[in-house]
>>> print(open('entry22.txt').read())   # compact mmCIF, C-alpha atoms and all ligand atoms
# COMPACT_ATOMS: atom_id res chain seq x y z
CA MET A 1 -14.60 -18.72 8.31
CA VAL A 2 -12.92 -15.78 6.66
CA GLU A 3 -15.17 -13.47 4.75
CA ASN A 4 -14.17 -12.01 1.43
CA ARG A 5 -16.61 -9.19 1.05
CA THR A 6 -16.84 -5.77 2.53
CA GLN A 7 -17.26 -6.30 6.27
CA THR A 8 -15.49 -3.96 8.62
CA LEU A 9 -14.63 -4.63 12.23
CA PRO A 10 -16.24 -2.47 14.90
CA GLU A 11 -14.32 0.74 15.62
CA THR A 12 -12.16 0.64 18.73
CA GLU A 13 -10.33 3.36 20.61
CA PHE A 14 -6.91 2.15 19.48
CA ARG A 15 -5.27 4.55 17.04
CA PRO A 16 -1.93 3.90 15.33
CA GLU A 17 0.90 6.09 16.43
CA LYS A 18 1.99 8.90 14.12
CA ILE A 19 5.36 8.32 12.50
CA SER A 20 6.60 11.90 13.09
CA GLY A 21 10.06 11.13 11.74
CA ASN A 22 10.63 8.01 13.84
CA PHE A 23 9.67 4.62 12.37
CA LYS A 24 11.40 2.44 14.93
CA GLY A 25 9.12 -0.29 16.31
CA LYS A 26 5.95 1.33 14.94
CA ASP A 27 2.98 -0.38 13.34
CA ILE A 28 2.21 0.70 9.79
CA LEU A 29 -1.57 0.50 9.59
CA SER A 30 -2.72 3.57 7.69
CA MET A 31 -1.45 6.45 5.55
CA GLU A 32 -2.96 8.68 8.23
CA GLN A 33 0.15 8.02 10.33
CA PHE A 34 2.40 9.81 7.84
CA ASP A 35 3.47 13.41 7.29
CA PRO A 36 5.62 14.95 4.52
CA SER A 37 8.85 14.98 6.50
CA SER A 38 8.57 11.29 7.48
CA LEU A 39 7.90 10.50 3.83
CA LYS A 40 10.97 12.48 2.81
CA LYS A 41 13.06 10.40 5.21
CA LEU A 42 11.58 7.18 3.83
CA PHE A 43 12.16 8.23 0.22
CA LYS A 44 15.78 9.12 0.92
CA LYS A 45 16.29 5.68 2.38
CA THR A 46 14.41 4.10 -0.55
CA LYS A 47 16.81 5.73 -3.02
CA LYS A 48 19.73 4.19 -1.09
CA MET A 49 17.95 0.83 -1.06
CA SER A 50 17.59 0.88 -4.84
CA GLU A 51 21.39 1.14 -5.04
CA ILE A 52 21.87 -1.63 -2.45
CA ALA A 53 19.52 -3.91 -4.39
CA LYS A 54 21.48 -3.35 -7.60
CA ASN A 55 24.77 -3.95 -5.82
CA ALA A 56 26.05 -7.52 -5.83
CA LYS A 57 27.69 -7.05 -2.41
CA PRO A 58 25.52 -8.69 0.29
CA ASN A 59 23.89 -6.31 2.74
CA THR A 60 23.39 -7.37 6.34
CA SER A 61 21.23 -4.60 7.84
CA LEU A 62 18.48 -7.08 8.74
CA LYS A 63 20.76 -9.96 9.73
CA GLY A 64 19.23 -11.89 12.62
CA ASN A 65 15.76 -10.52 11.87
CA ILE A 66 12.78 -12.64 10.91
CA VAL A 67 9.69 -11.17 9.27
CA THR A 68 6.43 -13.16 9.18
CA LEU A 69 4.31 -12.75 6.07
CA LEU A 70 0.81 -13.74 7.15
CA PHE A 71 -1.41 -13.64 4.08
CA TYR A 72 -5.09 -14.56 4.38
CA GLU A 73 -5.67 -13.31 0.83
CA PRO A 74 -3.84 -13.97 -2.46
CA SER A 75 -0.86 -11.78 -3.31
CA SER A 76 2.01 -11.77 -5.78
CA ARG A 77 3.74 -8.40 -5.57
CA THR A 78 3.17 -7.42 -1.96
CA ARG A 79 4.19 -10.78 -0.56
CA GLY A 80 6.98 -11.30 -3.10
CA SER A 81 8.47 -7.85 -2.58
CA PHE A 82 8.33 -8.01 1.23
CA ASP A 83 9.99 -11.43 1.07
CA ALA A 84 12.65 -10.15 -1.32
CA ALA A 85 13.09 -6.93 0.69
CA ALA A 86 13.85 -8.82 3.92
CA LYS A 87 16.25 -11.16 2.11
CA GLN A 88 18.01 -8.35 0.21
CA LEU A 89 19.02 -6.99 3.63
CA GLY A 90 20.11 -10.34 5.04
CA GLY A 91 16.89 -11.04 6.98
CA GLN A 92 14.71 -14.13 6.87
CA THR A 93 10.99 -14.73 6.48
CA ILE A 94 8.28 -17.09 7.65
CA VAL A 95 5.69 -17.21 4.89
CA VAL A 96 2.20 -18.28 5.93
CA GLU A 97 -0.10 -18.32 2.96
CA ASN A 98 -3.76 -19.01 3.36
CA PRO A 99 -3.65 -19.61 7.14
CA GLN A 100 -7.39 -20.29 7.17
CA GLN A 101 -6.53 -23.54 5.41
CA PHE A 102 -2.96 -24.37 6.39
CA SER A 103 -2.57 -23.19 9.99
CA SER A 104 -4.37 -23.73 13.29
CA VAL A 105 -6.93 -21.19 12.08
CA ALA A 106 -8.46 -24.21 10.31
CA LYS A 107 -8.93 -25.81 13.77
CA GLY A 108 -10.74 -22.75 15.05
CA GLU A 109 -7.89 -20.73 16.52
CA THR A 110 -8.74 -17.08 17.09
CA PHE A 111 -7.09 -14.31 15.09
CA GLU A 112 -5.54 -12.88 18.27
CA ASP A 113 -3.95 -16.22 19.23
CA THR A 114 -2.51 -16.59 15.73
CA ILE A 115 -0.96 -13.13 15.92
CA ARG A 116 0.44 -13.73 19.43
CA THR A 117 1.91 -17.04 18.31
CA PHE A 118 3.75 -15.65 15.31
CA GLU A 119 5.03 -12.64 17.19
CA ALA A 120 6.87 -15.10 19.42
CA TYR A 121 8.87 -16.24 16.39
CA CYS A 122 9.74 -13.01 14.61
CA ASP A 123 10.54 -9.30 14.68
CA ALA A 124 7.68 -7.97 12.53
CA ILE A 125 4.44 -9.29 11.04
CA VAL A 126 3.22 -8.28 7.60
CA LEU A 127 -0.49 -9.02 7.46
CA ARG A 128 -3.00 -9.23 4.62
CA HIS A 129 -6.57 -10.02 5.59
CA PRO A 130 -10.00 -9.70 3.93
CA ARG A 131 -11.53 -7.66 6.75
CA SER A 132 -11.08 -3.95 6.97
CA GLY A 133 -9.80 -3.08 10.45
CA SER A 134 -7.97 -6.39 10.88
CA ALA A 135 -4.49 -4.84 10.85
CA GLN A 136 -5.52 -2.60 13.72
CA LYS A 137 -6.95 -5.61 15.55
CA ALA A 138 -3.65 -7.44 15.05
CA ALA A 139 -1.73 -4.44 16.36
CA GLU A 140 -3.89 -4.45 19.47
CA ALA A 141 -3.19 -8.16 19.99
CA ALA A 142 0.56 -8.00 19.33
CA LYS A 143 2.58 -7.07 22.39
CA PHE A 144 6.16 -7.14 21.10
CA VAL A 145 6.41 -6.73 17.35
CA PRO A 146 5.13 -4.18 14.83
CA ILE A 147 2.32 -5.04 12.43
CA ILE A 148 2.50 -3.88 8.84
CA ASN A 149 -0.80 -3.68 7.01
CA ALA A 150 -0.41 -5.33 3.60
CA GLY A 151 -4.07 -4.78 2.74
CA ASP A 152 -7.09 -5.07 5.04
CA GLY A 153 -10.22 -5.80 3.02
CA ILE A 154 -11.56 -2.64 1.42
CA GLY A 155 -9.77 -0.53 4.03
CA GLU A 156 -6.19 0.45 3.25
CA HIS A 157 -2.96 -0.72 1.69
CA PRO A 158 -0.46 1.84 2.99
CA THR A 159 2.75 0.26 1.68
CA GLN A 160 1.28 0.23 -1.85
CA ALA A 161 0.49 3.95 -1.50
CA LEU A 162 4.07 4.55 -0.36
CA LEU A 163 5.47 2.98 -3.51
CA ASP A 164 2.88 4.74 -5.67
CA LEU A 165 3.75 8.08 -4.11
CA TYR A 166 7.46 7.40 -4.53
CA THR A 167 6.86 6.56 -8.21
CA ILE A 168 5.00 9.86 -8.75
CA TRP A 169 7.70 11.77 -6.88
CA GLU A 170 10.47 10.12 -8.96
CA LYS A 171 8.79 11.46 -12.08
CA THR A 172 7.61 14.90 -10.96
CA GLY A 173 10.15 15.81 -8.25
CA THR A 174 7.28 17.11 -6.11
CA LEU A 175 4.15 15.86 -4.39
CA SER A 176 2.22 19.11 -4.38
CA ASN A 177 0.40 20.81 -7.26
CA ILE A 178 -0.17 17.36 -8.77
CA LYS A 179 -3.10 16.55 -11.04
CA GLY A 180 -4.06 12.87 -11.21
CA LEU A 181 -6.70 10.56 -12.59
CA ILE A 182 -7.77 7.44 -10.68
CA THR A 183 -10.00 4.98 -12.50
CA GLY A 184 -11.87 1.77 -11.72
CA ASP A 185 -13.05 0.48 -8.36
CA ILE A 186 -12.81 3.57 -6.17
CA LYS A 187 -15.29 2.14 -3.67
CA ASN A 188 -13.55 -1.16 -2.90
CA GLY A 189 -9.97 -0.43 -3.95
CA ARG A 190 -7.85 -0.22 -0.78
CA THR A 191 -4.83 0.99 -2.76
CA VAL A 192 -6.94 3.94 -3.95
CA HIS A 193 -8.03 4.80 -0.40
CA SER A 194 -4.44 4.89 0.82
CA LEU A 195 -3.20 6.81 -2.22
CA LEU A 196 -5.90 9.47 -1.77
CA LYS A 197 -4.95 9.84 1.89
CA ALA A 198 -1.30 10.14 0.85
CA LEU A 199 -2.05 12.85 -1.72
CA SER A 200 -4.10 14.75 0.86
CA LEU A 201 -0.92 15.28 2.93
CA TYR A 202 0.39 17.81 0.37
CA PRO A 203 -1.07 21.13 -0.80
CA ASN A 204 -2.86 21.89 -4.08
CA ASN A 205 -3.39 18.35 -5.32
CA ILE A 206 -6.37 17.58 -7.50
CA VAL A 207 -7.63 14.10 -8.29
CA TYR A 208 -10.20 13.12 -10.90
CA LEU A 209 -12.03 9.93 -9.96
CA LEU A 210 -13.44 8.10 -12.98
CA SER A 211 -15.81 5.25 -12.14
CA PRO A 212 -19.35 4.02 -12.64
CA GLU A 213 -21.86 5.35 -10.09
CA GLN A 214 -21.88 2.02 -8.16
CA LEU A 215 -18.11 2.14 -7.56
CA LYS A 216 -17.82 5.73 -6.35
CA LEU A 217 -15.78 6.68 -3.29
CA ASP A 218 -17.43 6.17 0.11
CA ARG A 219 -19.01 9.50 1.16
CA VAL A 220 -17.42 9.58 4.63
CA LEU A 221 -13.93 9.22 3.17
CA PHE A 222 -14.79 11.72 0.43
CA GLU A 223 -15.69 14.35 3.05
CA GLU A 224 -12.63 13.58 5.20
CA LEU A 225 -10.32 14.02 2.23
CA LYS A 226 -11.99 17.28 1.25
CA VAL A 227 -11.55 18.61 4.79
CA LYS A 228 -7.84 17.74 4.55
CA GLY A 229 -7.66 19.92 1.43
CA LEU A 230 -7.61 17.34 -1.36
CA ASN A 231 -9.51 18.58 -4.37
CA ILE A 232 -11.64 15.71 -5.74
CA VAL A 233 -13.60 15.80 -8.99
CA GLU A 234 -15.81 12.80 -9.75
CA ILE A 235 -16.41 12.01 -13.42
CA ASP A 236 -18.19 9.16 -15.19
CA LYS A 237 -17.00 9.40 -18.80
CA THR A 238 -13.59 9.39 -20.47
CA GLU A 239 -14.44 12.61 -22.34
CA ASP A 240 -14.07 14.44 -19.02
CA ILE A 241 -10.45 13.36 -18.43
CA PRO A 242 -8.31 16.52 -18.26
CA LYS A 243 -5.40 16.43 -20.69
CA ASP A 244 -2.80 17.74 -18.26
CA CYS A 245 -2.64 14.95 -15.66
CA ASN A 246 0.70 14.06 -14.08
CA PHE A 247 -0.46 10.51 -13.55
CA TRP A 248 -3.18 8.06 -14.43
CA TYR A 249 -3.79 5.33 -11.87
CA TRP A 250 -5.85 2.50 -13.32
CA THR A 251 -7.35 -0.19 -11.04
CA ARG A 252 -9.11 -3.53 -11.31
CA VAL A 253 -12.77 -3.91 -10.32
CA GLN A 254 -12.45 -5.93 -7.10
CA LYS A 255 -14.38 -9.08 -7.99
CA GLU A 256 -13.92 -10.67 -4.54
CA ARG A 257 -15.84 -7.81 -2.86
CA PHE A 258 -19.03 -8.40 -4.86
CA GLU A 259 -22.00 -10.36 -3.45
CA ASN A 260 -23.32 -10.84 -6.93
CA GLU A 261 -21.27 -12.08 -9.88
CA GLU A 262 -23.68 -10.57 -12.42
CA GLU A 263 -23.17 -7.13 -10.91
CA TYR A 264 -19.40 -7.58 -11.20
CA GLU A 265 -19.71 -8.66 -14.86
CA LYS A 266 -21.77 -5.54 -15.54
CA LEU A 267 -19.25 -3.19 -13.95
CA LYS A 268 -15.88 -4.67 -14.88
CA ASN A 269 -13.81 -3.04 -17.59
CA ILE A 270 -16.17 -0.17 -18.34
CA PHE A 271 -13.08 2.02 -18.58
CA ILE A 272 -10.17 0.54 -20.48
CA ALA A 273 -6.81 2.24 -21.02
CA THR A 274 -5.77 1.84 -24.65
CA PRO A 275 -3.16 3.50 -26.91
CA GLN A 276 -6.03 5.51 -28.41
CA LEU A 277 -7.19 6.80 -25.01
CA LEU A 278 -3.62 7.85 -24.20
CA LYS A 279 -3.41 9.61 -27.55
CA ASP A 280 -6.71 11.42 -27.01
CA TYR A 281 -6.36 12.43 -23.35
CA GLY A 282 -2.72 11.84 -22.36
CA ASN A 283 0.34 14.05 -22.61
CA SER A 284 4.10 13.58 -22.91
CA TYR A 285 4.98 14.12 -19.23
CA MET A 286 2.45 11.84 -17.52
CA ILE A 287 2.92 8.30 -16.20
CA LEU A 288 0.39 5.48 -16.28
CA MET A 289 0.33 3.42 -13.09
CA HIS A 290 -1.58 0.34 -11.90
CA PRO A 291 -1.15 -1.47 -8.55
CA LEU A 292 -1.65 -4.77 -10.44
CA PRO A 293 -2.99 -7.34 -11.05
CA ARG A 294 -4.74 -6.06 -14.17
CA VAL A 295 -7.48 -8.14 -15.68
CA GLY A 296 -8.22 -6.45 -18.96
CA GLU A 297 -8.54 -2.80 -17.89
CA ILE A 298 -5.27 -1.87 -19.61
CA THR A 299 -4.72 -3.48 -23.00
CA ALA A 300 -1.39 -5.28 -23.53
CA ASP A 301 -0.41 -2.96 -26.39
CA VAL A 302 -0.09 -0.09 -23.89
CA ASP A 303 2.84 -1.86 -22.19
CA GLU A 304 5.42 -0.74 -24.77
CA ASP A 305 4.57 2.92 -24.13
CA SER A 306 7.38 4.30 -21.95
CA ARG A 307 4.80 6.19 -19.86
CA ALA A 308 3.36 2.84 -18.69
CA VAL A 309 5.40 2.28 -15.51
CA TYR A 310 3.35 -0.48 -13.85
CA LEU A 311 5.64 -3.32 -14.96
CA ARG A 312 8.70 -1.11 -14.85
CA ASN A 313 9.79 1.16 -12.00
CA GLN A 314 6.44 1.11 -10.15
CA VAL A 315 6.76 -2.62 -9.46
CA ARG A 316 10.50 -2.35 -8.70
CA ASN A 317 9.89 0.52 -6.30
CA GLY A 318 7.69 -1.86 -4.30
CA MET A 319 10.73 -3.82 -3.19
CA TYR A 320 12.90 -0.74 -2.56
CA ILE A 321 10.29 1.02 -0.44
CA ARG A 322 9.68 -2.14 1.62
CA MET A 323 13.43 -2.56 2.15
CA ALA A 324 13.58 1.01 3.45
CA LEU A 325 10.50 0.55 5.61
CA LEU A 326 11.74 -2.67 7.22
CA ALA A 327 15.16 -1.13 7.86
CA LEU A 328 13.61 1.94 9.47
CA ILE A 329 11.08 0.00 11.56
CA LEU A 330 13.56 -2.59 12.75
CA GLY A 331 16.12 0.17 13.14
CA ILE A 332 19.14 -1.95 12.39
CA ASN A 333 22.55 -0.53 11.54
CA ASP A 334 21.54 3.01 12.25
CA PRO A 335 24.57 3.95 14.43
CA TRP A 336 22.58 6.30 16.66
CA THR A 337 19.90 3.66 17.36
CA VAL A 338 22.55 1.02 18.03
CA PHE A 339 24.26 3.39 20.47
CA MET A 340 20.96 4.21 22.25
CA GLU A 341 20.01 0.52 22.52
CA LYS A 342 23.41 -0.26 24.06
CA PHE A 343 23.07 2.70 26.38
CA LYS A 344 19.65 1.48 27.58
CA ILE A 345 21.00 -2.01 28.28
CA TRP A 346 24.00 -0.56 30.09
CA LYS A 347 21.70 1.63 32.23
CA LYS A 348 19.53 -1.38 33.10
CA THR A 349 22.53 -3.40 34.30
CA LEU A 350 23.70 -0.65 36.66
C1 LIG B 1 -3.79 -4.69 -4.86
C2 LIG B 1 -4.46 -5.20 -3.60
O1 LIG B 1 -4.24 -6.34 -3.18
O2 LIG B 1 -5.18 -4.41 -3.02
N1 LIG B 1 -2.71 -5.45 -5.28
C3 LIG B 1 -1.47 -5.18 -4.76
O3 LIG B 1 -1.22 -5.33 -3.60
N2 LIG B 1 -0.57 -4.65 -5.59
C4 LIG B 1 -4.72 -4.36 -5.95
C5 LIG B 1 -5.70 -5.38 -6.42
O4 LIG B 1 -5.73 -6.51 -5.96
O5 LIG B 1 -6.46 -5.01 -7.31
>>> encode(input="entry22.txt", output="structure tokens")
Amino acid sequence: MVENRTQTLPETEFRPEKISGNFKGKDILSMEQFDPSSLKKLFKKTKKMSEIAKNAKPNTSLKGNIVTLLFYEPSSRTRGSFDAAAKQLGGQTIVVENPQQFSSVAKGETFEDTIRTFEAYCDAIVLRHPRSGSAQKAAEAAKFVPIINAGDGIGEHPTQALLDLYTIWEKTGTLSNIKGLITGDIKNGRTVHSLLKALSLYPNNIVYLLSPEQLKLDRVLFEELKVKGLNIVEIDKTEDIPKDCNFWYWTRVQKERFENEEEYEKLKNIFIATPQLLKDYGNSYMILMHPLPRVGEITADVDEDSRAVYLRNQVRNGMYIRMALLALILGINDPWTVFMEKFKIWKKTL
């Protein structure tokens, strides 16, 4: 049985490798693996990918590569954009939705066996799973292919943070001295956890967290982020929103993480972004983001506002960043990598 709530797997010794400028063959499990110069490299590639995607000429950087999309939880954007990203670059995908129902998981197969089976068929596995820590567990099980965490329970969603960060950077031209507001389910929102970790990689950032008491950030993560230098201010009413934010990041209250439906009903949509709220606390240079799906926490009449980027470049950036990430991880068509691979094979045959 797959749980949907807030369980985490026991901590193990395994730690994902830092990116340190080289993505080739690496798992992407957490924003903690990143540093500003690796992000700069990724963003440069993402910009190129946005041009490739708009170009009608077929691109073949991922030709001969197969990416498995193993999704134990529902997804529209993450799965759709990874699928599109692989195909934009001439790669192919195996899409396994709801494996707990439609794969041998239903017959009792272990998670490790499922991972080791799919790695035999592909070059990378993109995994979404309801348990926090599951991406790490998959990376421990996989022997030959990288694992990309597409959301592990209430843990992290690093590729969403990458596209969120890229969207902020596109607007501001910098990722330091940023002031942001994050609203909604700070406790259970994995996109929030990854975004906060991402913002903590740069100096002088300040984030206002607006949520009801019950949905506040986990204290351990709060302390870790503070130690890394991120300035966090927790607020519980809209009147305390500073008027000079560079971004607002609205999120959905994560219904599937609640034990009790009544509690969810009480907490959902306490804070709603409306044209009036933007008028009262917004400014001309900010952007309004949302990882989506939204379920009432931003009213539809906000969509026409050009500052609302969630259904505009934020969602498009999701595909571009995943194209760049797959290309860098699989390392195809990078002349230096191709040369080194050939050199290694040549050395082995001597
Ligand atoms: C988010 C997720 O799955 O964590 N969606 C997404 O990937 N864009 C946010 C959510 O479900 O609220």
>>> closest_residue(input="entry22.txt", among="A:Ile186, A:Ile178, A:Leu225, A:Ile270", to="ligand LIG 1 (chain B)", atoms="all atoms listed in the file")
A:Ile186
>>> residues_near_point(input="entry22.txt", point="(-4.5, 1.4, -27.9)", cutoff="10 Å", atoms="all atoms listed in the file", output="list in words")
Ile272, Ala273, Thr274, Pro275, Gln276, Leu277, Leu278, Lys279, Ile298, Thr299, Ala300, Asp301, Val302, Asp303 and Asp305 of chain A
>>> closest_atom_pairs(input="entry22.txt", of="chain A", to="ligand LIG 1 (chain B)", cutoff="6 Å", atoms="all atoms listed in the file", output="CSV")
residue,atom,partner,partner_atom,distance
A:Arg77,CA,B:LIG1,N2,5.7
A:Thr78,CA,B:LIG1,O3,5.1
A:Gly151,CA,B:LIG1,O2,5.9
A:Arg190,CA,B:LIG1,O2,5.5
A:Thr191,CA,B:LIG1,O2,5.4
A:Arg252,CA,B:LIG1,O5,5.0
A:Pro291,CA,B:LIG1,N2,4.4
A:Leu292,CA,B:LIG1,N2,5.0
A:Pro293,CA,B:LIG1,O5,5.6
>>> closest_residue(input="entry22.txt", among="A:Leu175, A:Leu209, A:Ile235, A:Ile321", to="Phe222 (chain A)", atoms="all atoms listed in the file")
A:Leu209
>>> atom_distance(input="entry22.txt", atom1="CA of Ala86 (chain A)", atom2="CA of Met323 (chain A)")
6.5 Å
>>> residues_near_point(input="entry22.txt", point="(-11.1, 18.9, -0.6)", cutoff="12 Å", atoms="only C-alpha atoms", output="list in words")
Leu196, Lys197, Leu199, Ser200, Leu201, Tyr202, Pro203, Asn204, Asn205, Ile206, Val207, Tyr208, Leu221, Phe222, Glu223, Glu224, Leu225, Lys226, Val227, Lys228, Gly229, Leu230, Asn231, Ile232, Val233 and Glu234 of chain A
>>> closest_residue(input="entry22.txt", among="A:Thr68, A:Ser37, A:Ser284, A:Gln101", to="Val145 (chain A)", atoms="all atoms listed in the file")
A:Thr68
>>> closest_atom_pairs(input="entry22.txt", of="region 123-180 of chain A", to="region 15-18 of chain A", cutoff="12 Å", atoms="all atoms listed in the file", output="Markdown table")
| residue | atom | partner | partner_atom | distance |
| --- | --- | --- | --- | --- |
| A:Gly133 | CA | A:Arg15 | CA | 11.1 |
| A:Ala135 | CA | A:Pro16 | CA | 10.1 |
| A:Gln136 | CA | A:Pro16 | CA | 7.6 |
| A:Lys137 | CA | A:Arg15 | CA | 10.4 |
| A:Ala138 | CA | A:Pro16 | CA | 11.5 |
| A:Ala139 | CA | A:Pro16 | CA | 8.4 |
| A:Glu140 | CA | A:Arg15 | CA | 9.4 |
| A:Pro146 | CA | A:Pro16 | CA | 10.7 |
| A:Ile147 | CA | A:Pro16 | CA | 10.3 |
| A:Ile148 | CA | A:Pro16 | CA | 11.1 |
| A:Asn149 | CA | A:Pro16 | CA | 11.3 |
>>> closest_residue(input="entry22.txt", among="A:Asn260, A:Asn269, A:Thr167, A:Asn65", to="Arg307 (chain A)", atoms="all atoms listed in the file")
A:Thr167
